Amino acid sequence: MQRFFQVRFFRAAIACLLLVISACAARSSDPSSSTGAPRYIFFFIGDGMGMAQISLGAAVCGEEAVSAIRSLPVTGMISTSARDRYVTGSAAAGTALATGSRTAIGRISRTADNASDLTTLLELAEEQGMRTGVVSSVSLDHATPACFYAHAESRHQYERIASMMAESSVDYFGGGYVKADMSVDGVAKNGFPEIMRSSGFRVTRNAEELQSVTPGERVWAFDDVDRKAAMAYEIDRSDSALSLADYTRHGIRLLDNPRGFFMMVEGGKIDWACHANDGATTALDVRAFNDAVAEALRFYREHPDETLIIVTADHECGGLGLGNNETGYEGDPALLSYQQLSLERMSGKVSSWAEDGGVSLAMAYDSLRVFFGLGRVSADSALGLTAADSLQLNRAYQEAMDGYRDGEAYGKGDPLTMTAAALLNSRAGIGWTTRSHTAVDVPVFAAGTGAGQFSGYSTNSGLARRLMQVCGWSE
Ligand SMILES: [Zn+2]
């Protein structure tokens, strides 16, 4: 009997030893399981997206339009200032979020004195053997995406940044084209796709081609882009063009592997819509960004113990206020849903009217009715035009026909479009304080492994450092 117990004990001890050995072996090949660190990391940045932009998305498009963002259980808040300026820019803010260090305005993951590169979250993920992805609705050599894979003294060094994109080890680029390859009149020169191909990337130009890419292939995916090498605003996007959510879903499909992945997804055109003080377009781009977050949430539900989702912003843009003096307590942002296209696209139309002639004042009013709802009192009495409104619009029409030429940055367009937008914004009860960024704090939402670390208040660089700690990438 004693011998029997001795054998049982010996066998049990061997089994325990084997278990420990196999657990250790598993841990050494699987960095996440030993530390409780997330294996799949999503870092979403709504460029220019303050709390008001999220609220506007819900007010214009319905609660569903922001439900993925708002469903994340952990919330926090971050400051946004650059090292050398109170109101930040996307390069300095992107650097803080990508590296955990604040820097000077214009730097792309370089120190403020430009003495050295700052290591990015994406590079740290690569060191762990994770696959990596960079998705943006603006050009991929634009400040925010660039901060994750490039290092440059200035965000305006587009060619240098694009060459770093080609030389990078990123597995998946999706969304925008590159500004470095656009001619001065906004036409793609098409030299850069060849450079990417020779660097080992497959280049896809539509949904079908992207679908044919298999996991493990490195890819740069884009389709319709505008003259600034960005995706269309969501409000203007054709049904056949890939959405930010599509690029995110394909990113998950292509990056998913046992070693994990890090994917940064930027809703870059929220910022551009806010620079243009374009309320309806802002709301729809917030919805597009939310839908991309929803793709990550779907993945998270399948891998709840190994996934971390962070959603934040680099700064607010436009000084968007939900309430104004014209409407007092009676503002109704839902009126913005009558707007059918971006101010940028409307300005393009007005520009061609001015060049081609033949669009009378009456025809212009018809367009304002169709595209902005202005004058549709049968739909909503708040859309009615007073005599003073008509006088303003008549003058703006004449000014536009008398010599408006397109070309101002960020869609600060022709007088007719600007006047129509100002009327609709004012009726909807929203207001803008600026066409630039503001210094207000921005929200953080998080879910998944380590998400609890992101509650409370932090600096933007502090958020990135928390992420490094959660992932076990720093002491
Ligand atoms: Zn901006």
# chains A, B, ... in the order shown; residues from 1 in each chain; ligands from 1
>>> closest_atom_pairs(of="chain A", to="ligand 1", cutoff="12 Å", atoms="only C-alpha atoms and all ligand atoms", output="Markdown table")
| residue | atom | partner | partner_atom_place_in_ligand_line | distance |
| --- | --- | --- | --- | --- |
| A:Gly46 | CA | ligand 1 | 1 (Zn) | 10.9 |
| A:Asp47 | CA | ligand 1 | 1 (Zn) | 7.2 |
| A:Gly48 | CA | ligand 1 | 1 (Zn) | 6.3 |
| A:Met49 | CA | ligand 1 | 1 (Zn) | 10.1 |
| A:Val87 | CA | ligand 1 | 1 (Zn) | 10.8 |
| A:Thr88 | CA | ligand 1 | 1 (Zn) | 9.1 |
| A:Gly89 | CA | ligand 1 | 1 (Zn) | 6.5 |
| A:Ser90 | CA | ligand 1 | 1 (Zn) | 6.1 |
| A:Ala91 | CA | ligand 1 | 1 (Zn) | 9.5 |
| A:Ala92 | CA | ligand 1 | 1 (Zn) | 11.4 |
| A:Ala93 | CA | ligand 1 | 1 (Zn) | 10.4 |
| A:Gly94 | CA | ligand 1 | 1 (Zn) | 11.2 |
| A:Gly106 | CA | ligand 1 | 1 (Zn) | 11.8 |
| A:Val138 | CA | ligand 1 | 1 (Zn) | 11.2 |
| A:His142 | CA | ligand 1 | 1 (Zn) | 10.6 |
| A:Ala143 | CA | ligand 1 | 1 (Zn) | 9.5 |
| A:Thr144 | CA | ligand 1 | 1 (Zn) | 9.9 |
| A:Gly267 | CA | ligand 1 | 1 (Zn) | 11.5 |
| A:Gly268 | CA | ligand 1 | 1 (Zn) | 8.5 |
| A:Lys269 | CA | ligand 1 | 1 (Zn) | 8.9 |
| A:Ile270 | CA | ligand 1 | 1 (Zn) | 8.8 |
| A:Asp271 | CA | ligand 1 | 1 (Zn) | 5.1 |
| A:Trp272 | CA | ligand 1 | 1 (Zn) | 6.2 |
| A:Ala273 | CA | ligand 1 | 1 (Zn) | 9.2 |
| A:Cys274 | CA | ligand 1 | 1 (Zn) | 8.0 |
| A:His275 | CA | ligand 1 | 1 (Zn) | 6.5 |
| A:Ala276 | CA | ligand 1 | 1 (Zn) | 10.0 |
| A:Asn277 | CA | ligand 1 | 1 (Zn) | 11.6 |
| A:Ala313 | CA | ligand 1 | 1 (Zn) | 11.3 |
| A:Asp314 | CA | ligand 1 | 1 (Zn) | 9.3 |
| A:His315 | CA | ligand 1 | 1 (Zn) | 8.3 |
| A:Glu316 | CA | ligand 1 | 1 (Zn) | 8.5 |
| A:Cys317 | CA | ligand 1 | 1 (Zn) | 6.4 |
| A:Gly318 | CA | ligand 1 | 1 (Zn) | 8.9 |
| A:Gly319 | CA | ligand 1 | 1 (Zn) | 11.9 |
| A:Ala409 | CA | ligand 1 | 1 (Zn) | 11.1 |
| A:Tyr410 | CA | ligand 1 | 1 (Zn) | 9.0 |
| A:Thr434 | CA | ligand 1 | 1 (Zn) | 11.4 |
| A:Arg435 | CA | ligand 1 | 1 (Zn) | 9.0 |
| A:Ser436 | CA | ligand 1 | 1 (Zn) | 6.6 |
| A:His437 | CA | ligand 1 | 1 (Zn) | 6.1 |
| A:Thr438 | CA | ligand 1 | 1 (Zn) | 9.7 |
>>> residues_around(residues="Val286 in chain A", least_positions_apart="2", cutoff="10 Å", atoms="only C-alpha atoms", output="ChimeraX atom specification")
/A:46-47,49,53-58,61,65-66,69,234,267-271,280-284,288-292
>>> select_by_dssp(residues="range 38-252 of chain A", states="alpha helix (DSSP H)", output="VMD selection string")
chain A and resid 51 to 61 67 to 71 90 to 99 121 to 127 143 to 149 158 to 167 192 to 198 207 to 211 244 to 252
>>> residues_around(residues="Ile310 in chain A", least_positions_apart="5", cutoff="8 Å", atoms="only C-alpha atoms", output="ChimeraX atom specification")
/A:42-44,444-447,451
>>> write_last_selection(atoms="C-alpha atoms", output="PDB file, in the first residue's frame")
ATOM      1  CA  PHE A  42      -6.735  48.761 -31.189  1.00  0.00           C
ATOM      2  CA  PHE A  43      -5.796  52.432 -30.904  1.00  0.00           C
ATOM      3  CA  PHE A  44      -8.511  54.667 -32.368  1.00  0.00           C
ATOM      4  CA  VAL A 444     -10.799  58.528 -23.656  1.00  0.00           C
ATOM      5  CA  PHE A 445     -12.943  55.382 -23.931  1.00  0.00           C
ATOM      6  CA  ALA A 446     -11.550  51.896 -23.328  1.00  0.00           C
ATOM      7  CA  ALA A 447     -12.580  48.252 -23.132  1.00  0.00           C
ATOM      8  CA  ALA A 451      -8.780  49.009 -19.843  1.00  0.00           C
TER       9      ALA A 451
END
>>> closest_residue(among="A:Val440, A:Ala180, A:Leu210, A:Ala294", to="Tyr247 in chain A", atoms="only C-alpha atoms")
A:Leu210
>>> closest_residue(among="A:Met130, A:Leu308, A:Ala232, A:Ile195", to="Gly176 in chain A", atoms="only C-alpha atoms")
A:Ala232
>>> residues_around(residues="range 242-244 of chain A", least_positions_apart="4", cutoff="9 Å", atoms="only C-alpha atoms", output="PDB file with C-alpha atoms, in the first residue's frame")
ATOM      1  CA  VAL A 135      -5.482  53.037 -41.144  1.00  0.00           C
ATOM      2  CA  SER A 136      -6.609  56.600 -41.792  1.00  0.00           C
ATOM      3  CA  SER A 137      -9.263  58.429 -43.757  1.00  0.00           C
ATOM      4  CA  GLY A 174      -5.343  51.195 -45.347  1.00  0.00           C
ATOM      5  CA  GLY A 175      -7.522  54.157 -46.285  1.00  0.00           C
ATOM      6  CA  ASN A 206     -10.739  48.534 -54.692  1.00  0.00           C
ATOM      7  CA  ALA A 207     -12.776  46.265 -52.439  1.00  0.00           C
ATOM      8  CA  PHE A 222      -6.918  52.466 -50.949  1.00  0.00           C
ATOM      9  CA  ASP A 223      -9.570  53.304 -53.519  1.00  0.00           C
ATOM     10  CA  ASP A 224     -11.247  56.629 -54.361  1.00  0.00           C
ATOM     11  CA  MET A 231     -10.808  59.340 -48.582  1.00  0.00           C
ATOM     12  CA  GLU A 234     -18.493  60.043 -45.310  1.00  0.00           C
ATOM     13  CA  ARG A 237     -18.674  58.661 -50.134  1.00  0.00           C
ATOM     14  CA  SER A 238     -20.083  56.536 -52.955  1.00  0.00           C
ATOM     15  CA  THR A 248     -10.686  48.235 -40.136  1.00  0.00           C
ATOM     16  CA  ARG A 249     -12.452  44.915 -40.755  1.00  0.00           C
ATOM     17  CA  VAL A 265      -7.193  53.692 -36.890  1.00  0.00           C
ATOM     18  CA  GLU A 266      -7.639  57.426 -37.422  1.00  0.00           C
ATOM     19  CA  GLY A 267     -10.880  59.220 -38.227  1.00  0.00           C
ATOM     20  CA  ALA A 288     -18.022  56.430 -39.808  1.00  0.00           C
ATOM     21  CA  PHE A 289     -15.400  56.441 -37.034  1.00  0.00           C
ATOM     22  CA  ASP A 291     -18.613  52.111 -37.179  1.00  0.00           C
ATOM     23  CA  ALA A 292     -14.884  51.352 -37.349  1.00  0.00           C
TER      24      ALA A 292
END
>>> residues_around(residues="Gly216 in chain A", least_positions_apart="4", cutoff="10 Å", atoms="only C-alpha atoms", output="PyMOL selection string")
chain A and resi 131+171-172+254-257
>>> write_last_selection(atoms="all heavy atoms", output="compact mmCIF listing (two decimals), in the first residue's frame")
# COMPACT_ATOMS: atom_id res chain seq x y z
N ARG A 131 2.00 41.78 -35.46
CA ARG A 131 1.75 42.43 -36.74
C ARG A 131 1.20 43.83 -36.46
O ARG A 131 0.60 44.07 -35.40
CB ARG A 131 0.75 41.64 -37.58
CG ARG A 131 1.35 40.40 -38.19
CD ARG A 131 0.43 39.80 -39.24
NE ARG A 131 0.95 38.49 -39.64
CZ ARG A 131 0.19 37.47 -40.02
NH1 ARG A 131 -1.13 37.61 -40.09
NH2 ARG A 131 0.73 36.33 -40.38
N ASP A 171 2.60 46.02 -41.53
CA ASP A 171 2.04 44.95 -42.36
C ASP A 171 0.85 45.43 -43.19
O ASP A 171 0.60 44.89 -44.26
CB ASP A 171 1.59 43.79 -41.45
CG ASP A 171 2.76 43.19 -40.73
OD1 ASP A 171 3.52 42.44 -41.37
OD2 ASP A 171 2.94 43.49 -39.53
N TYR A 172 0.12 46.41 -42.67
CA TYR A 172 -1.12 46.80 -43.35
C TYR A 172 -1.32 48.31 -43.29
O TYR A 172 -1.40 48.89 -42.21
CB TYR A 172 -2.30 46.11 -42.67
CG TYR A 172 -3.68 46.53 -43.16
CD1 TYR A 172 -4.08 46.27 -44.46
CD2 TYR A 172 -4.58 47.18 -42.31
CE1 TYR A 172 -5.34 46.65 -44.92
CE2 TYR A 172 -5.84 47.55 -42.74
CZ TYR A 172 -6.21 47.29 -44.05
OH TYR A 172 -7.45 47.67 -44.50
N LEU A 254 -6.48 40.55 -41.80
CA LEU A 254 -5.12 40.35 -42.29
C LEU A 254 -4.09 40.30 -41.17
O LEU A 254 -3.05 39.66 -41.30
CB LEU A 254 -4.75 41.47 -43.28
CG LEU A 254 -5.60 41.48 -44.56
CD1 LEU A 254 -5.30 42.72 -45.38
CD2 LEU A 254 -5.34 40.22 -45.38
N LEU A 255 -4.37 40.97 -40.06
CA LEU A 255 -3.36 41.06 -38.99
C LEU A 255 -3.50 39.96 -37.94
O LEU A 255 -2.55 39.69 -37.21
CB LEU A 255 -3.44 42.43 -38.30
CG LEU A 255 -3.15 43.65 -39.19
CD1 LEU A 255 -3.34 44.94 -38.38
CD2 LEU A 255 -1.74 43.59 -39.76
N ASP A 256 -4.69 39.37 -37.84
CA ASP A 256 -4.95 38.37 -36.80
C ASP A 256 -3.95 37.21 -36.92
O ASP A 256 -3.82 36.61 -37.98
CB ASP A 256 -6.39 37.85 -36.96
CG ASP A 256 -6.78 36.97 -35.78
OD1 ASP A 256 -6.01 36.89 -34.81
OD2 ASP A 256 -7.87 36.37 -35.84
N ASN A 257 -3.23 36.95 -35.84
CA ASN A 257 -2.26 35.85 -35.81
C ASN A 257 -1.92 35.59 -34.35
O ASN A 257 -2.18 36.43 -33.48
CB ASN A 257 -1.02 36.21 -36.64
CG ASN A 257 -0.07 37.10 -35.88
OD1 ASN A 257 0.94 36.64 -35.37
ND2 ASN A 257 -0.40 38.38 -35.79
>>> atom_distance(atom1="CA of Arg427 in chain A", atom2="CA of Leu335 in chain A")
7.5 Å
>>> select_by_dssp(residues="range 388-459 of chain A", states="strand (DSSP E)", output="list in words")
Ile430, Gly431, His437, Thr438, Val442, Pro443, Val444, Phe445, Ala446, Ala447, Gly448, Gly456, Tyr457, Ser458 and Thr459 of chain A
>>> atom_distance(atom1="CA of Leu72 in chain A", atom2="CA of Met51 in chain A")
14.7 Å
>>> decode(residues="range 71-87 of chain A", atoms="all heavy atoms", output="CSV table (one decimal), in the first residue's frame")
chain,number,residue,atom,x,y,z
A,71,SER,N,-20.4,52.6,-25.8
A,71,SER,CA,-20.6,51.4,-25.1
A,71,SER,C,-19.3,50.9,-24.4
A,71,SER,O,-19.4,50.0,-23.5
A,71,SER,CB,-21.1,50.3,-26.0
A,71,SER,OG,-20.0,49.9,-26.8
A,72,LEU,N,-18.2,51.5,-24.7
A,72,LEU,CA,-16.9,51.1,-24.0
A,72,LEU,C,-17.0,51.5,-22.5
A,72,LEU,O,-17.4,52.6,-22.2
A,72,LEU,CB,-15.7,51.8,-24.7
A,72,LEU,CG,-15.6,51.6,-26.2
A,72,LEU,CD1,-14.2,52.1,-26.7
A,72,LEU,CD2,-15.7,50.1,-26.6
A,73,PRO,N,-16.8,50.5,-21.6
A,73,PRO,CA,-17.1,50.7,-20.2
A,73,PRO,C,-16.2,51.7,-19.4
A,73,PRO,O,-16.6,52.2,-18.4
A,73,PRO,CB,-17.0,49.3,-19.7
A,73,PRO,CG,-16.1,48.6,-20.6
A,73,PRO,CD,-16.3,49.2,-21.9
A,74,VAL,N,-15.0,51.9,-19.9
A,74,VAL,CA,-14.1,52.8,-19.1
A,74,VAL,C,-14.0,54.1,-19.8
A,74,VAL,O,-13.8,54.2,-21.0
A,74,VAL,CB,-12.7,52.1,-19.0
A,74,VAL,CG1,-11.7,53.0,-18.3
A,74,VAL,CG2,-12.8,50.8,-18.3
A,75,THR,N,-14.1,55.2,-19.1
A,75,THR,CA,-13.9,56.5,-19.7
A,75,THR,C,-12.9,57.3,-18.9
A,75,THR,O,-12.8,57.2,-17.7
A,75,THR,CB,-15.3,57.3,-19.7
A,75,THR,OG1,-15.8,57.4,-18.4
A,75,THR,CG2,-16.3,56.7,-20.6
A,76,GLY,N,-12.2,58.2,-19.6
A,76,GLY,CA,-11.2,59.0,-19.0
A,76,GLY,C,-11.1,60.3,-19.8
A,76,GLY,O,-12.0,60.6,-20.6
A,77,MET,N,-10.1,61.1,-19.5
A,77,MET,CA,-10.0,62.4,-20.2
A,77,MET,C,-8.5,62.7,-20.2
A,77,MET,O,-7.7,62.4,-19.3
A,77,MET,CB,-10.7,63.4,-19.3
A,77,MET,CG,-10.9,64.7,-20.0
A,77,MET,SD,-11.9,65.8,-18.9
A,77,MET,CE,-13.5,65.1,-19.1
A,78,ILE,N,-8.1,63.3,-21.3
A,78,ILE,CA,-6.7,63.7,-21.5
A,78,ILE,C,-6.6,65.2,-21.9
A,78,ILE,O,-7.4,65.8,-22.6
A,78,ILE,CB,-5.9,62.9,-22.5
A,78,ILE,CG1,-6.6,62.8,-23.9
A,78,ILE,CG2,-5.7,61.5,-21.9
A,78,ILE,CD1,-5.7,62.2,-24.9
A,79,SER,N,-5.5,65.8,-21.4
A,79,SER,CA,-5.1,67.1,-21.9
A,79,SER,C,-4.4,67.0,-23.3
A,79,SER,O,-4.0,65.9,-23.6
A,79,SER,CB,-4.2,67.8,-20.9
A,79,SER,OG,-3.0,67.1,-20.8
A,80,THR,N,-4.3,68.1,-24.0
A,80,THR,CA,-3.8,68.0,-25.4
A,80,THR,C,-2.6,68.9,-25.7
A,80,THR,O,-2.1,68.8,-26.8
A,80,THR,CB,-4.9,68.2,-26.4
A,80,THR,OG1,-5.3,69.6,-26.3
A,80,THR,CG2,-6.1,67.3,-26.1
A,81,SER,N,-2.3,69.8,-24.9
A,81,SER,CA,-1.3,70.9,-25.3
A,81,SER,C,0.0,70.3,-25.7
A,81,SER,O,0.5,69.3,-25.2
A,81,SER,CB,-1.1,71.8,-24.1
A,81,SER,OG,-2.2,72.6,-23.9
A,82,ALA,N,0.6,71.0,-26.7
A,82,ALA,CA,2.0,70.6,-27.1
A,82,ALA,C,3.0,71.2,-26.1
A,82,ALA,O,2.7,72.0,-25.2
A,82,ALA,CB,2.3,71.2,-28.5
A,83,ARG,N,4.2,70.7,-26.3
A,83,ARG,CA,5.3,71.2,-25.3
A,83,ARG,C,5.5,72.7,-25.4
A,83,ARG,O,5.8,73.4,-24.5
A,83,ARG,CB,6.6,70.5,-25.7
A,83,ARG,CG,7.6,70.4,-24.6
A,83,ARG,CD,8.7,69.5,-25.1
A,83,ARG,NE,9.9,69.8,-24.2
A,83,ARG,CZ,10.4,68.9,-23.4
A,83,ARG,NH1,9.8,67.7,-23.3
A,83,ARG,NH2,11.4,69.2,-22.6
A,84,ASP,N,5.3,73.2,-26.6
A,84,ASP,CA,5.6,74.6,-26.9
A,84,ASP,C,4.4,75.5,-27.3
A,84,ASP,O,4.6,76.6,-27.7
A,84,ASP,CB,6.7,74.8,-27.9
A,84,ASP,CG,6.3,74.2,-29.2
A,84,ASP,OD1,5.3,73.4,-29.3
A,84,ASP,OD2,7.0,74.5,-30.3
A,85,ARG,N,3.2,74.9,-27.2
A,85,ARG,CA,2.1,75.7,-27.6
A,85,ARG,C,0.8,75.2,-26.9
A,85,ARG,O,0.6,74.0,-26.8
A,85,ARG,CB,1.9,75.7,-29.1
A,85,ARG,CG,1.2,76.9,-29.7
A,85,ARG,CD,1.2,76.9,-31.2
A,85,ARG,NE,0.3,75.9,-31.7
A,85,ARG,CZ,0.2,75.6,-33.0
A,85,ARG,NH1,1.0,76.2,-33.9
A,85,ARG,NH2,-0.6,74.7,-33.4
A,86,TYR,N,0.0,76.1,-26.4
A,86,TYR,CA,-1.2,75.7,-25.7
A,86,TYR,C,-2.2,75.0,-26.6
A,86,TYR,O,-2.7,73.9,-26.3
A,86,TYR,CB,-1.8,77.0,-25.1
A,86,TYR,CG,-3.1,76.8,-24.2
A,86,TYR,CD1,-3.1,75.8,-23.2
A,86,TYR,CD2,-4.2,77.5,-24.5
A,86,TYR,CE1,-4.2,75.6,-22.4
A,86,TYR,CE2,-5.3,77.3,-23.7
A,86,TYR,CZ,-5.3,76.4,-22.7
A,86,TYR,OH,-6.4,76.2,-21.9
A,87,VAL,N,-2.5,75.6,-27.7
A,87,VAL,CA,-3.3,74.9,-28.7
A,87,VAL,C,-2.5,74.1,-29.6
A,87,VAL,O,-1.6,74.6,-30.4
A,87,VAL,CB,-4.1,76.0,-29.6
A,87,VAL,CG1,-5.0,75.3,-30.6
A,87,VAL,CG2,-5.0,76.9,-28.7
